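To start, the structure itself, in structure tokens.
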Amino acid sequence: MIEVTDLTKLYGSTRAVSGLTFRVKPGQVTGFLGHNGAGKSTTMRLILGLHTPTAGKALINGVRKQELRDPMREVGAMLDAAEVQGGRSAFAHLQALAYAGGIGRRRVVAVLEEVGLAGAARKRIAGFSQGMRQRLGIAAALLGDPGVLILDEPVNGLDPDGIRWLRTLLRSLAAEGRTVLLSSHLMTEMSLTADRLIIIGRGRLIEDTTTADLLARFQSGVLVRSPHAARLSRALEAAGATIRPAEGADAGEEPVPGRPAEAGVDVRPIRDVGAGAGLLVTGLTAAAVGDIALANGCGVHELVSRRTSLEEAFMEITR
Ligand SMILES: Nc1ncnc2c1ncn2[C@@H]1O[C@H](COP(=O)(O)OP(=O)(O)OP(=O)(O)O)[C@@H](O)[C@H]1O
């Protein structure tokens, strides 16, 4: 379990992390999402006791990292896979780490196998690709067979096979009851790997939710254009819908077919009339939006069921 409470970190006048509070629970993969500079790495460094918080606290299994009795066996981390000394072999690198943590040679062999580097174990790290370095970093994190794993952008440099492999590995580690926290700035990748998503922007918490909830909230909706957008949005909100302005959000998107059987109307776009202001409606079907527009005397110039891409949703959330 990782517990972050009111965590704040200032670097001079830069507020890298600002009053952040969240929990990362065991038994699931938690994705830590944010754009470049959002504060992900700083938060991970604070959790790992590499930097000191300006305020608040970050605990692993109830204590600060420095207070863990057997840190390598409790928490494993990969922050920057490129930092590794290139002159050594993968085996020598891991063995040095294992030795420092009182971990036996057999475990070194096992983790090299687990990350798919057994064949390259005796090769110098200097000749490793970025993907191989990522695998080596993950091997180092796994050395102590820890209950908590913290990985900063582990997908970077992995090819599609590597990404699939990592996804499977992380999911099986979580299924064993471990706490798995990994950061990324790639929403789609995260949604495929993580059960939970913690999204931050400018050091602050934006979302702490399940991936399924986020998908349900953002992946579908209805785009409606009306010259009476303000009146229509009030009526739609009164019916329980959530409304967002659609400007720029619908460009180039292929409309998805609606569900005519359920909806009772054809929801293909009506594009032959001038456009009004666009609204993105979630929580109502296209048919319901159309009926409400009619009942409120609002002309409708376009009405279409649409699908928001996850990256679009991410941009929207973190705007
Ligand atoms: N050691 C440091 N000294 C000064 N400023 C820092 C330091 N580390 C991070 N920052 C600043 O804090 C902010 C958050 O950076 P951080 O690296 O935590 O973000 P991130 O979400 O991990 O982004 P990225 O994906 O680019 O690594 C940025 O504005 C960054 O410039």
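Scheme for the structure tokens: letters A, B, ... for chains in order shown; per-chain residue numbers from 1; ligand numbers from 1 in order shown.
Residues in contact range of Ile199 (chain A), defined as at most 10 Å between only C-alpha atoms, with sequence neighbours fewer than 4 positions away removed, read Gly31, Phe32, Leu33, Gly34, His35, Ala38, Lys40, Ser183, Ser184, His185, Met187, Gly203, Arg204, Leu205, Ile206, Glu207, Asp208, Thr209, Phe314, Ile317 and Thr318 of chain A.
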Could you give me, as a PDB file with N, CA and C atoms, in the first residue's frame, the residues within 9 Å of region 50-52 of chain A, counting only C-alpha atoms and dropping anything in the same chain fewer than 5 positions from it?
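The result, stored in out_37.pdb:
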```pdb
ATOM      1  N   LYS A   9       5.715  19.582  -3.104  1.00  0.00           N
ATOM      2  CA  LYS A   9       7.151  19.741  -3.303  1.00  0.00           C
ATOM      3  C   LYS A   9       7.416  20.991  -4.131  1.00  0.00           C
ATOM      4  N   THR A  42       8.482  13.425  -9.766  1.00  0.00           N
ATOM      5  CA  THR A  42       8.733  14.037  -8.453  1.00  0.00           C
ATOM      6  C   THR A  42       7.960  13.279  -7.376  1.00  0.00           C
ATOM      7  N   MET A  44       6.968  10.202  -7.414  1.00  0.00           N
ATOM      8  CA  MET A  44       7.583   8.882  -7.203  1.00  0.00           C
ATOM      9  C   MET A  44       8.871   9.015  -6.382  1.00  0.00           C
ATOM     10  N   ARG A  45       9.649  10.049  -6.671  1.00  0.00           N
ATOM     11  CA  ARG A  45      10.888  10.262  -5.900  1.00  0.00           C
ATOM     12  C   ARG A  45      10.571  10.567  -4.446  1.00  0.00           C
ATOM     13  N   LYS A  65       9.804   5.554   3.404  1.00  0.00           N
ATOM     14  CA  LYS A  65      10.714   4.589   2.766  1.00  0.00           C
ATOM     15  C   LYS A  65      11.961   4.350   3.636  1.00  0.00           C
TER      16      LYS A  65
END
```
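For the pair CA of Leu136 (chain A) and CA of Glu189 (chain A), the separation is 20.8 Å.
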If you run DSSP on the backbone, which residues of region 12-224 of chain A are helix (DSSP H, G or I), as a PyMOL selection string?
chain A and resi 40-47+65-67+71-74+81-83+90-100+105-114+118-120+125-127+130-142+160-175+187-193+211-218
Please run DSSP on the backbone and report, as number ranges by chain, all residues within region 65-101 of chain A that come out as strand (DSSP E or B).
A: 75-78, 89
Atomic distance CA of Leu112 (chain A) - CA of Gly177 (chain A), expressed in Å with one decimal:
21.9 Å
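Excluding Glu176 (chain A) itself and same-chain residues fewer than 4 positions from it, the residues having an atom within 12 Å of it are A:Pro26, A:Gly27, A:Gln28, A:Val29, A:Asp145, A:Pro146, A:Gly147, A:Val148, A:Leu169, A:Leu170, A:Arg171, A:Ser172, A:Val180, counting only C-alpha atoms.
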Taking into account only C-alpha atoms, which residue in the set A:Gly19, A:Met315, A:Gly131, A:Gly297 is nearest to Arg231 (chain A)?
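Among the listed residues, the smallest separation from Arg231 (chain A) belongs to A:Gly297.
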Could you check the closest approach to ligand 1 for each of A:Glu153, A:Glu311, A:Asp291, A:Asp161 and tell me which residue wins, using only C-alpha atoms and all ligand atoms?
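Ranking A:Glu153, A:Glu311, A:Asp291, A:Asp161 by distance to ligand 1, first place goes to A:Glu153.
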For each of A:Val75, A:Ile200, A:Leu68, A:Ala58, take the minimum atom-to-atom distance to ligand 1, counting only C-alpha atoms and all ligand atoms, then give the residue where this is smallest.
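Ranking A:Val75, A:Ile200, A:Leu68, A:Ala58 by distance to ligand 1, first place goes to A:Ile200.
The shortest atom-to-atom distance to ligand 1, with only C-alpha atoms and all ligand atoms taken into account, belongs to A:Leu186 out of A:Leu166, A:Ala92, A:Leu186, A:Val300.
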